[in-house]
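These notes concern the structure reproduced below.
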Amino acid sequence: MDAAGLFRQMARARAFEDATSALWREGRISGEMHLGTGEEAVAAGVVASLRPGDAVALDHRPTPVLTVLGVDLAGMLAEMLGMESGIHRGRAGHMHLMSRTLLASSSGIVGSSAPLGAGFALAGRALRPGSVAVAFFGDGAMNQGMLLETLNLAAAWSLPLLLVCKDNGWSITTRTDAVTGGDPVARARGFGLETVDVDGGDVGAVAEAAADAIDRARNGEGPSFLRARVPRLDGHFLGDALVRAARSPAGDGRQLLGDVTSAALSRTGGGLGDRARSVVRLLDLMRRARREDRDTRHDPLERARSTVGQEVASRLEAEALAEVGRAVAAAGGAH
Amino acid sequence: MDAAGLFRQMARARAFEDATSALWREGRISGEMHLGTGEEAVAAGVVASLRPGDAVALDHRPTPVLTVLGVDLAGMLAEMLGMESGIHRGRAGHMHLMSRTLLASSSGIVGSSAPLGAGFALAGRALRPGSVAVAFFGDGAMNQGMLLETLNLAAAWSLPLLLVCKDNGWSITTRTDAVTGGDPVARARGFGLETVDVDGGDVGAVAEAAADAIDRARNGEGPSFLRARVPRLDGHFLGDALVRAARSPAGDGRQLLGDVTSAALSRTGGGLGDRARSVVRLLDLMRRARREDRDTRHDPLERARSTVGQEVASRLEAEALAEVGRAVAAAGGAH
Amino acid sequence: MARLEFGAAIDAAVAEAMARDPRVIVLGEDVHTLRAPLFARFGPRRVLSAPISEAAFVGAAVGAAMGGLRPIAELMLVDFVGSCLDSLLNQASKVEGFTHGDWKVPLVVRATCGGGYGDGGQHEQALWGLLAGIPGLSVVVPSTPADAHGLMTAALRHDGPVIFLEHKLLSRSWLEFLGAGGRKTVSFDVPPDGVEGEVLAGEEVPLGVAAIRRHGDGLTIVSLAVGVHRAIAAAEILAREGIDCDVLDLRSVRPLDRVAVVASVARTGRLLVVDEDYREFGLSGELAAAVLEAGLSPRFARVCVDGTIPYARHLEDLALPSVARIAEAARELARVSPDLPGHG
Amino acid sequence: MARLEFGAAIDAAVAEAMARDPRVIVLGEDVHTLRAPLFARFGPRRVLSAPISEAAFVGAAVGAAMGGLRPIAELMLVDFVGSCLDSLLNQASKVEGFTHGDWKVPLVVRATCGGGYGDGGQHEQALWGLLAGIPGLSVVVPSTPADAHGLMTAALRHDGPVIFLEHKLLSRSWLEFLGAGGRKTVSFDVPPDGVEGEVLAGEEVPLGVAAIRRHGDGLTIVSLAVGVHRAIAAAEILAREGIDCDVLDLRSVRPLDRVAVVASVARTGRLLVVDEDYREFGLSGELAAAVLEAGLSPRFARVCVDGTIPYARHLEDLALPSVARIAEAARELARVSPDLPGHG
Ligand SMILES: Cc1ncc(C[n+]2csc(CCOP(=O)(O)OP(=O)(O)O)c2C)c(N)n1
Ligand SMILES: Cc1ncc(C[n+]2csc(CCOP(=O)(O)OP(=O)(O)O)c2C)c(N)n1
Ligand SMILES: [Mg+2]
Ligand SMILES: [Mg+2]
């Protein structure tokens with residue numbers, strides 16, 4: 001796909017996330033609303049190589065991929081609004097958006113997209129020769145047993161599967177590397193997988209790497225692991241408490257900081273060093289959360305804009321906005 | 001520990017396994033009786049570096065390590081005989097032999113020794129500074145999620161833990177490498193662990209490698225992964241159907257071979273190539289099982305015998321036999 | 001019509017389905033040996049040996065079912081469900097509900113269950129109550145070769161996830177594999193009618209339909225799997241003492257055949273549950289609720305497993321529902337007179 | 001005596017225990033932020049942030065408990081127990097039985113549970129019935145800050161594994177974290193008496209003891225967690241209609257306070273179970289068995305969750321036990337007259 005085509009998909013995905021965010025703020029979407037802002041280049045770049053009969057298994061940030069795949073936007077929005085006109089008549093919600101016809105599923109259980117993707121690959125090999133499956137997940141999911149087992153299963157069964165790790169550095173409020181040994185790519189290689197490491201904010205690079213890996217899978221040459229570094233532009237979920245506290249320490253963060261300070265000064269407790277280590281870690285997390293909050297320098301859309309040129313970009317964005325606007329209206333989102 | 005000391009422990013462990021085998025044949029031990037014959041060098045070599053306050057988590061072949069650790073042999077035998085005089089009054093049986101005072105546990109769930117060992121290490125670090133924990137498990141367990149997660153947890157928390165993979169090449173009747181991607185050592189390294197690969201039939205090599213790793217753990221330098229290749233001398237468990245079939249294709253194997261042949265010749269089914277692949281694989285497994293059955297060339301006791309000399313070895317073996325004989329009698333095993 | 005052993009009856013149903021429908025595949029640990037005839041006949045692409053990764057391969061079976069196959073994932077022992085519960089609790093059982101019926105998961109999880117051969121507390125559990133507590137799953141536990149064959153046939157035609165439990169004491173091959181290991185020096189209290197019997201190829205036993213194994217008006221015994229055979233043996237003793245028992249074989253735990261249970265208990269006024277699963281928060285409680293919800297007020301008792309199953313054979317015998325315990329509980333129940341018929 | 005929120009009451013009990021006993025540690029995902037005050041006060045060696053590896057860190061908590069610590073493993077949402085069931089089913093719950101009481105596992109697993117904020121079917125389950133079905137575990141589910149504090153205090157003194165479930169609708173911090181996210185545009189049907197209340201430091205609420213929340217002779221409502229508050233609200237409506245209800249708050253699912261349930265039902269002759277867990281094969285069935293085993297024959301009904309919890313708020317309201325459904329079921333029960341007292 002050409003750069004404009006990729007940008008168009010990214011713009012569509014972003015417009016969808018932005019619309020979701022607005023509806024969430026209005027109180028019309030419930031539960032933990034995880035946006036995929038920052039992951040649009042990965043969604044567009046990978047999906048560009050997919051064909052009918054391929055399958056995707058998604059995690060708790062499914063909407064960019066589903067948008068690019070072509071799931072009905074009004075139906076997805078209506079689903080998130082809990083309406084009977086939703087694609088699952090309001091039964092599933094945003095962590096469980098699926099499409100049987102497009103062979104796309106999502107799940108809110110961290111790591112579960114990997115075995116599901118492996119199963120899609122297995123079925124694809126038997127029923128749709130030449131097809132592939134893709135499993136998307138985060139860096140934190142790389143510590144979940146069922147996913148680790150699947151790295152092995154994919155290699156052992158030589159499945160036509162692409163495992164895509166969207167590495168945003170975070171597991172909710174935990175820096176993933178603080179709870180992880182080694183590096184995701186080396187880890188995947190240790191399971192005998194082909195690996196590739198790309199800048200997930202560079203849609204061209206993602207598209208190229210994914211095309212290679214998917215080609216190999218189609219040709220029966222087995223699975224690959226693709227690590228794509230992505231930014232997390234909107235915190236873990238909308239309303240992320242850590243991000244809000246970091247943004248406004250004297251406002252939303254007041255309670256947390258007050259509680260932490262008085263606890264650290266408690267008469268009984270750990271040694272001074274221990275307490276200091278904790279406080280420093282918490283402040284460091286807030287610093288990072290603040291720095292990354294809506295950091296446009298790493299925004300894949302900003303980066304892609306320069307490739308296609310301002311003019312084309314603006315036109316495509318306007319089209320995307322209009323399309324999503326129509327979907328919002330159709331879903332009954334505007335009121 | 002000197003070579004004779006190590007040999008003595010190996011001989012004790014072997015004598016215990018042999019006594020167990022005899023009791024099993026007499027029909028006095030129930031359930032799946034997994035022996036640790038072939039693993040004696042690993043047991044003796046690792047335990048040589050342990051001290052009071054250290055802990056071990058074991059899998060379904062716990063007896064060699066427990067014997068070397070010094071658990072009451074008569075009590076263990078009585079437990080396996082299901083007697084009130086057993087160390088757990090007959091409640092636990094051979095897959096769940098434990099010792100609270102020695103901080104040793106075992107479990108029949110593949111992979112579970114790893115998280116339990118990590119927990120022992122955590123408790124040891126907090127309550128018994130300078131202590132270590134060891135988790136023993138097989139090559140097949142390296143594909144179990146909770147174990148894979150623990151490779152990471154151990155590295156991330158820098159636990160004083162030694163992870164010992166007794167690699168016998170088998171997972172029941174499956175060649176582990178047929179269902180495994182990559183290599184166990186590379187895999188462990190991919191989790192950021194220090195690794196060491198030893199000949200698990202060479203007790204001196206095991207003892208040296210384990211001593212190093214355990215030293216480092218004691219000094220707060222974190223966990224290690226030790227892969228020890230071991231032979232499987234008595235099949236997966238006593239009475240292993242594949243081993244029996246391989247040993248006597250016209251006897252114990254007749255049913256299996258007959259069923260397989262008539263199935264392969266069935267009018268409907270897979271293509272010829274598929275059927276042939278299956279049959280070849282089954283025959284190959286039987287060939288291997290037959291070759292490895294009680295293969296003395298790889299027996300760690302035979303190999304250690306030459307190091308200590310025939311005379312010393314015979315004396316130590318006689319002592320071990322006598323000790324275990326007394327334990328059998330005390331347990332009420334002789335009749 | 002053929003006389004088959006319990007395990008062979010299941011394998012025959014699987015083979016029939018595999019021959020009929022290329023979407024049926026088998027995956028699990030050691031299936032190349034445990035299902036060697038299927039492996040030899042259908043090849044390694046339809047009988048896939050798995051690593052010891054229950055979460056991955058049962059999870060993959062869910063995905064494969066969503067992707068158009070009809071997989072049978074073999075779990076060896078149901079006790080190992082602790083390693084893959086998520087795939088059943090949050091994936092297989094939820095997809096149909098999430099998609100409001102649009103996407104179904106035609107998956108069979110085949111696992112052995114139960115004790116009676118001295119394998120200890122981590123390897124002899126029943127766990128059908130725990131699994132039946134998950135909406136969206138079906139759970140079947142046959143007691144005869146005919147039912148084993150018929151329920152597997154039905155499970156493979158069903159469009160939702162089915163847990164198929166094979167009691168080791170009924171399955172000679174498993175008992176030989178795990179318990180005897182070629183020894184003539186051990187024996188097990190195996191119910192003959194459960195181990196071998198007539199089987200009709202292609203015949204389906206519908207999910208959720210109980211069978212009456214014995215008729216009597218004094219007391220209803222509801223059971224499943226090995227318990228059914230113990231209950232029948234107890235009923236024969238009891239009959240000689242003047243206590244006539246209905247023996248109901250549930251066959252399916254979920255869906256539960258409430259109608260059959262209620263019909264029998266309405267007649268007898270006494271309900272004795274014989275359940276090899278843990279006593280509390282499971283099947284026996286659900287049966288109590290079923291009769292109360294139907295407005296009945298029977299005398300009620302249950303013979304179940306109370307805690308971790310002990311390893312020692314003599315302790316295990318005491319822990320599992322035995323003929324003696326069933327007869328004892330039945331006599332106790334028969335002593336007090338019930339209200340008949342159920343009011344309300 | 002202090003007025004505390006539900007979540008703060010639990011944290012206070014944890015802090016008291018940690019200050020008193022250096023063996024108490026906390027481990028789990030994001031505990032450095034979710035328990036930031038504990039983290040700041042006791043340091044990263046006693047409040048350990050874990051990777052998303054429930055099987056490893058809950059399993060490690062079992063080992064740590066066997067090794068001499070008294071860990072609290074936080075599971076975030078109880079729905080994630082699917083990823084670590086083995087550590088509870090086959091390890092934590094079995095060690096004491098295997099060793100005939102010699103080796104105990106003083107472990108607390110703290111997890112949130114329950115729905116009412118539109119998070120969908122994988123994130124709002126109760127699952128206390130499933131967990132209570134495992135012998136060797138205790139399962140507690142408080143409904144007030146005082147009980148939350150007292151039960152956590154008891155759990156931390158208990159020598160066996162305890163599952164401590166914290167209902168998200170009662171816990172303002174969790175509801176804010178998962179549901180509101182700083183918005184003023186959403187609201188939840190939060191029971192005020194569950195959310196904030198008086199708490200006595202150091203006071204223990206023993207495991208296995210129910211509390212009577214309201215007295216009445218016409219009908220017994222047995223519930224727990226949010227259900228208790230819904231039941232009380234329903235009872236107030238019913239009282240105006242002439243139906244007087246006992247409302248029993250179980251507080252512990254296992255051990256179950258059978259004595260309290262039986263005493264109340266013996267008096268009222270009617271049992272209504274209000275249970276946010278799945279209807280079948282769980283707590284409500286066990287309560288039916290408890291009263292039948294006691295020889296009672298009450299009118300019985302239950303208001304539970306029937307299947308996968310739907311995402312849409314209005315559908316979720318219909319799926320979870322509501323005041324309206326409880327009142328309706330109670331009226332139905334009150335219409336038929338019971339046998340009093342229980343015979344047998
Ligand atoms: C098994 C399981 N454990 C914990 C959670 C709670 N949880 C939801 S998202 C998340 C973080 C996931 O991190 P990552 O995989 O890196 O994805 P990201 O959110 O960073 O995109 C966690 C811990 C869950 N949903 N499932
Ligand atoms: C979770 C789980 N899955 C399956 C089994 C059945 N099982 C018992 S031993 C074994 C093979 C283990 O292989 P490995 O870890 O290499 O140990 P080995 O028996 O070769 O010493 C299996 C699959 C089990 N006990 N637990
Ligand atoms: Mg992440
Ligand atoms: Mg092995």
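Ordered as shown in the structure tokens, chains take letters A, B, and onward, while each chain numbers its residues from 1 and ligands are numbered from 1 in the order shown.
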Query - Who sits within 8 Å of segment 157-174 of chain C, only C-alpha atoms, same chain under 5 positions skipped, as a count of residues only - result: 40
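Every protein, DNA or RNA residue with an atom at most 7 Å from Val274 of chain D, where only C-alpha atoms count and chain neighbours fewer than 2 positions away do not, is listed here: Ile221, Val222, Ser223, Gly227, Leu272, Glu276, Arg302, Val303, Cys304 and Pro321 of chain D.
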Keeping only N, CA and C atoms, write the selected residues to a file as a PDB file, in the first residue's frame.
ATOM      1  N   ILE D 221     -33.582 -13.635  53.824  1.00  0.00           N
ATOM      2  CA  ILE D 221     -32.772 -13.329  52.642  1.00  0.00           C
ATOM      3  C   ILE D 221     -31.311 -13.529  53.040  1.00  0.00           C
ATOM      4  N   VAL D 222     -30.628 -14.392  52.320  1.00  0.00           N
ATOM      5  CA  VAL D 222     -29.206 -14.610  52.570  1.00  0.00           C
ATOM      6  C   VAL D 222     -28.425 -14.007  51.421  1.00  0.00           C
ATOM      7  N   SER D 223     -27.442 -13.187  51.756  1.00  0.00           N
ATOM      8  CA  SER D 223     -26.677 -12.554  50.703  1.00  0.00           C
ATOM      9  C   SER D 223     -25.267 -12.223  51.186  1.00  0.00           C
ATOM     10  N   GLY D 227     -24.981  -7.418  47.391  1.00  0.00           N
ATOM     11  CA  GLY D 227     -26.292  -8.044  47.518  1.00  0.00           C
ATOM     12  C   GLY D 227     -26.959  -7.755  48.846  1.00  0.00           C
ATOM     13  N   LEU D 272     -34.609 -16.968  50.558  1.00  0.00           N
ATOM     14  CA  LEU D 272     -34.307 -16.299  49.290  1.00  0.00           C
ATOM     15  C   LEU D 272     -32.821 -15.990  49.272  1.00  0.00           C
ATOM     16  N   GLU D 276     -24.675 -12.513  43.663  1.00  0.00           N
ATOM     17  CA  GLU D 276     -24.191 -11.897  42.427  1.00  0.00           C
ATOM     18  C   GLU D 276     -23.356 -12.872  41.596  1.00  0.00           C
ATOM     19  N   ARG D 302     -34.009 -17.947  44.297  1.00  0.00           N
ATOM     20  CA  ARG D 302     -32.712 -17.268  44.266  1.00  0.00           C
ATOM     21  C   ARG D 302     -32.691 -16.216  43.173  1.00  0.00           C
ATOM     22  N   VAL D 303     -31.994 -15.150  43.497  1.00  0.00           N
ATOM     23  CA  VAL D 303     -31.783 -14.072  42.536  1.00  0.00           C
ATOM     24  C   VAL D 303     -30.288 -14.027  42.292  1.00  0.00           C
ATOM     25  N   CYS D 304     -29.886 -14.440  41.105  1.00  0.00           N
ATOM     26  CA  CYS D 304     -28.464 -14.604  40.808  1.00  0.00           C
ATOM     27  C   CYS D 304     -28.159 -14.036  39.434  1.00  0.00           C
ATOM     28  N   PRO D 321     -28.294  -8.837  40.512  1.00  0.00           N
ATOM     29  CA  PRO D 321     -29.439  -8.827  41.439  1.00  0.00           C
ATOM     30  C   PRO D 321     -29.799  -7.389  41.825  1.00  0.00           C
TER      31      PRO D 321
END
Requested in this report: Counting only C-alpha atoms and all ligand atoms, name the residues that have an atom within 10 Å of an atom of ligand 3; the answer should be given as number ranges by chain.
Outcome: A: 137-142, 165-176, 229-232, 236
Give one line per residue of chain A that approaches chain D to at most 7 Å, naming the two atoms of the closest pair and their distance in Å to one decimal, counting only C-alpha atoms; sort by chain then ascending residue number and deliver it as CSV.
residue,atom,partner,partner_atom,distance
A:Arg25,CA,D:Arg183,CA,6.7
A:Glu26,CA,D:Thr185,CA,5.9
A:Gly27,CA,D:Thr185,CA,4.6
A:Ser30,CA,D:Gly118,CA,5.1
A:Gly31,CA,D:Asp119,CA,4.1
A:Glu32,CA,D:Leu178,CA,5.5
A:Gly82,CA,D:Ala312,CA,4.1
A:Met83,CA,D:Ala312,CA,7.0
A:Gly90,CA,D:Ala312,CA,5.1
A:Arg91,CA,D:Pro310,CA,4.4
A:Ala92,CA,D:Tyr311,CA,5.5
A:Gly93,CA,D:Tyr311,CA,5.3
A:Gly108,CA,D:Gln122,CA,6.8
A:Gly140,CA,D:Ile52,CA,6.2
A:Ala141,CA,D:Ile52,CA,6.5
A:Asn143,CA,D:Ile52,CA,5.6
A:Gln144,CA,D:Ser53,CA,4.9
A:Gly145,CA,D:Ser53,CA,6.5
A:Thr173,CA,D:Asp30,CA,6.0
A:Thr174,CA,D:Asp30,CA,5.8
A:Val179,CA,D:Pro51,CA,5.1
A:Thr180,CA,D:Pro51,CA,6.9
A:Leu238,CA,D:Gly181,CA,6.7
A:Gly239,CA,D:Gly181,CA,4.0
A:Asp240,CA,D:Gly181,CA,6.2
A:Ala241,CA,D:Phe177,CA,6.5
A:Asp259,CA,D:Pro37,CA,5.9
A:Val260,CA,D:Pro37,CA,4.6
A:Ala263,CA,D:Arg41,CA,5.0
A:Ala264,CA,D:Arg41,CA,4.4
A:Ser266,CA,D:Arg41,CA,6.6
A:Thr268,CA,D:Ala19,CA,6.4
A:Gly269,CA,D:Phe42,CA,5.0
A:Gly270,CA,D:Phe42,CA,4.3
A:Asp274,CA,D:Gly43,CA,4.4
A:Arg275,CA,D:Gly43,CA,4.9
A:Arg277,CA,D:Gly43,CA,6.9
A:Ser278,CA,D:Ala40,CA,5.1
A:Val279,CA,D:Ala40,CA,5.7
Suppose we keep N, CA and C atoms; can you now write the selection as a short mmCIF file (atom, residue, chain, number, x, y, z; two decimals), in the first residue's frame?
data_model
loop_
_atom_site.label_atom_id
_atom_site.label_comp_id
_atom_site.auth_asym_id
_atom_site.auth_seq_id
_atom_site.Cartn_x
_atom_site.Cartn_y
_atom_site.Cartn_z
N ARG A 25 -15.74 10.95 27.65
CA ARG A 25 -15.79 12.11 28.56
C ARG A 25 -17.23 12.53 28.85
N GLU A 26 -18.08 12.37 27.84
CA GLU A 26 -19.50 12.69 28.07
C GLU A 26 -20.19 11.70 29.00
N GLY A 27 -19.46 10.65 29.39
CA GLY A 27 -20.05 9.67 30.30
C GLY A 27 -20.88 8.63 29.58
N SER A 30 -18.79 3.19 29.27
CA SER A 30 -18.48 2.74 30.63
C SER A 30 -17.24 1.86 30.64
N GLY A 31 -16.80 1.54 31.84
CA GLY A 31 -15.70 0.59 32.01
C GLY A 31 -14.35 1.18 31.66
N GLU A 32 -13.39 0.27 31.54
CA GLU A 32 -12.01 0.69 31.28
C GLU A 32 -11.83 0.90 29.79
N GLY A 82 -23.27 0.76 24.23
CA GLY A 82 -24.17 -0.20 24.86
C GLY A 82 -25.55 -0.25 24.23
N MET A 83 -25.58 -0.03 22.92
CA MET A 83 -26.88 0.04 22.25
C MET A 83 -27.21 -1.26 21.52
N GLY A 90 -24.66 -4.59 22.23
CA GLY A 90 -24.32 -4.07 23.56
C GLY A 90 -23.87 -5.12 24.55
N ARG A 91 -23.77 -6.36 24.11
CA ARG A 91 -23.38 -7.43 25.05
C ARG A 91 -21.88 -7.46 25.33
N ALA A 92 -21.08 -7.04 24.38
CA ALA A 92 -19.64 -7.27 24.49
C ALA A 92 -18.89 -6.07 25.05
N GLY A 93 -19.10 -4.90 24.43
CA GLY A 93 -18.36 -3.72 24.86
C GLY A 93 -16.99 -3.64 24.25
N GLY A 108 -10.07 -8.99 26.78
CA GLY A 108 -9.50 -8.12 27.80
C GLY A 108 -8.54 -8.83 28.74
N GLY A 140 3.79 -5.76 28.24
CA GLY A 140 3.49 -6.38 29.53
C GLY A 140 2.99 -7.80 29.36
N ALA A 141 2.26 -8.05 28.28
CA ALA A 141 1.74 -9.39 28.01
C ALA A 141 2.84 -10.40 27.80
N ASN A 143 4.97 -11.19 29.68
CA ASN A 143 5.24 -11.91 30.92
C ASN A 143 4.11 -12.85 31.32
N GLN A 144 3.12 -12.96 30.50
CA GLN A 144 1.95 -13.81 30.80
C GLN A 144 2.19 -15.21 30.25
N GLY A 145 1.98 -16.22 31.12
CA GLY A 145 2.30 -17.59 30.78
C GLY A 145 1.70 -18.09 29.48
N THR A 173 0.57 1.09 35.36
CA THR A 173 1.44 2.11 35.97
C THR A 173 2.84 1.57 36.25
N THR A 174 3.12 0.41 35.70
CA THR A 174 4.44 -0.20 35.92
C THR A 174 5.29 0.00 34.68
N VAL A 179 10.00 -4.90 35.67
CA VAL A 179 9.52 -6.22 36.11
C VAL A 179 9.84 -7.29 35.06
N THR A 180 10.79 -7.00 34.22
CA THR A 180 11.08 -7.91 33.11
C THR A 180 12.57 -8.21 33.03
N LEU A 238 -8.50 5.83 29.47
CA LEU A 238 -8.98 7.20 29.62
C LEU A 238 -9.22 7.45 31.10
N GLY A 239 -8.78 8.61 31.56
CA GLY A 239 -8.94 8.93 32.97
C GLY A 239 -7.87 8.31 33.86
N ASP A 240 -6.80 7.81 33.25
CA ASP A 240 -5.70 7.19 33.98
C ASP A 240 -5.29 8.05 35.19
N ALA A 241 -5.41 7.47 36.37
CA ALA A 241 -5.19 8.23 37.61
C ALA A 241 -3.75 8.72 37.72
N ASP A 259 -1.25 11.30 50.71
CA ASP A 259 -1.25 9.97 51.34
C ASP A 259 0.16 9.37 51.35
N VAL A 260 0.84 9.51 50.24
CA VAL A 260 2.17 8.93 50.14
C VAL A 260 3.12 9.62 51.12
N ALA A 263 2.38 8.61 54.67
CA ALA A 263 2.79 7.22 54.90
C ALA A 263 4.30 7.12 55.03
N ALA A 264 5.00 7.84 54.16
CA ALA A 264 6.47 7.78 54.19
C ALA A 264 7.01 8.34 55.50
N SER A 266 5.46 8.00 58.36
CA SER A 266 4.85 7.24 59.46
C SER A 266 5.90 6.85 60.50
N THR A 268 6.18 4.09 62.36
CA THR A 268 6.70 2.74 62.11
C THR A 268 6.72 2.47 60.61
N GLY A 269 7.50 1.46 60.24
CA GLY A 269 7.57 1.12 58.82
C GLY A 269 8.96 0.68 58.44
N GLY A 270 9.28 0.74 57.18
CA GLY A 270 10.59 0.31 56.69
C GLY A 270 11.68 1.29 57.08
N ASP A 274 14.64 2.29 52.43
CA ASP A 274 13.51 1.67 51.76
C ASP A 274 12.45 2.70 51.41
N ARG A 275 12.14 3.53 52.38
CA ARG A 275 11.10 4.53 52.12
C ARG A 275 11.54 5.48 51.00
N ARG A 277 13.62 4.90 48.60
CA ARG A 277 13.57 4.21 47.31
C ARG A 277 12.15 4.21 46.73
N SER A 278 11.19 3.95 47.61
CA SER A 278 9.80 3.93 47.14
C SER A 278 9.38 5.30 46.63
N VAL A 279 9.66 6.32 47.40
CA VAL A 279 9.20 7.65 47.01
C VAL A 279 9.86 8.09 45.71
#
Query raised in the report: What are the DSSP helix (DSSP H, G or I) residues of segment 132-298 of chain A, as a PyMOL selection string?
Result: chain A and resi 140-143+145-156+176-179+184-190+203-218+241-247+254-264+272-292+296-298
Query raised in the report: Do you have the atom CA of Val71 of chain B-atom CA of Gly200 of chain B distance handy?
Result: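 Separation between atom CA of Val71 of chain B and atom CA of Gly200 of chain B: 22.7 Å.
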Query raised in the report: Counting only C-alpha atoms, which residues of chain D come no farther than 8 Å from chain C, as an MDAnalysis selection string?
Result: chainID D and resid 79:87 89:90 94 97:98 121:122 129:130 132:136 278 280:289 292:293 295:301 306:308 310 336:337 344
Keeping C-alpha atoms, export the residues of the selection given above as a CSV table (one decimal), in the first residue's frame.
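Wrote out.csv, looks like this:
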chain,number,residue,atom,x,y,z
D,79,ASP,CA,-11.6,-12.8,36.8
D,80,PHE,CA,-7.8,-13.2,36.3
D,81,VAL,CA,-7.9,-16.3,38.5
D,82,GLY,CA,-8.1,-18.2,35.3
D,83,SER,CA,-4.4,-17.4,34.8
D,84,CYS,CA,-3.3,-18.8,38.2
D,85,LEU,CA,-5.9,-21.4,39.3
D,86,ASP,CA,-3.4,-24.1,39.7
D,87,SER,CA,-1.6,-22.3,42.5
D,89,LEU,CA,-6.5,-25.5,43.3
D,90,ASN,CA,-3.4,-27.8,43.5
D,94,LYS,CA,-3.6,-29.0,49.2
D,97,GLY,CA,-4.0,-31.9,53.6
D,98,PHE,CA,-1.0,-33.6,52.1
D,121,GLY,CA,-18.3,-10.1,31.1
D,122,GLN,CA,-14.5,-10.8,31.6
D,129,GLY,CA,-18.7,-20.0,44.4
D,130,LEU,CA,-16.0,-21.5,42.1
D,132,ALA,CA,-15.3,-21.8,47.6
D,133,GLY,CA,-15.7,-25.2,45.9
D,134,ILE,CA,-12.0,-25.9,46.6
D,135,PRO,CA,-11.5,-27.6,50.0
D,136,GLY,CA,-8.7,-26.0,51.9
D,278,TYR,CA,-23.6,-17.4,38.6
D,280,GLU,CA,-25.8,-22.8,39.0
D,281,PHE,CA,-23.4,-25.0,40.9
D,282,GLY,CA,-22.4,-22.4,43.4
D,283,LEU,CA,-23.3,-20.7,46.6
D,284,SER,CA,-27.1,-20.6,46.1
D,285,GLY,CA,-27.2,-24.3,45.6
D,286,GLU,CA,-25.0,-24.9,48.6
D,287,LEU,CA,-27.4,-22.9,50.8
D,288,ALA,CA,-30.3,-25.1,49.5
D,289,ALA,CA,-28.4,-28.2,50.5
D,292,LEU,CA,-32.3,-29.5,53.4
D,293,GLU,CA,-29.6,-31.3,55.3
D,295,GLY,CA,-34.2,-31.2,57.8
D,296,LEU,CA,-36.0,-28.0,56.8
D,297,SER,CA,-38.3,-27.7,53.8
D,298,PRO,CA,-38.5,-24.0,53.1
D,299,ARG,CA,-39.9,-22.3,50.2
D,300,PHE,CA,-36.8,-21.4,48.2
D,301,ALA,CA,-35.8,-19.0,45.5
D,306,ASP,CA,-27.6,-16.2,34.8
D,307,GLY,CA,-25.0,-16.0,32.2
D,308,THR,CA,-22.2,-13.8,30.8
D,310,PRO,CA,-23.6,-7.9,29.5
D,336,VAL,CA,-47.1,-19.7,49.3
D,337,SER,CA,-47.2,-20.8,52.9
D,344,GLY,CA,-37.2,-34.4,60.5
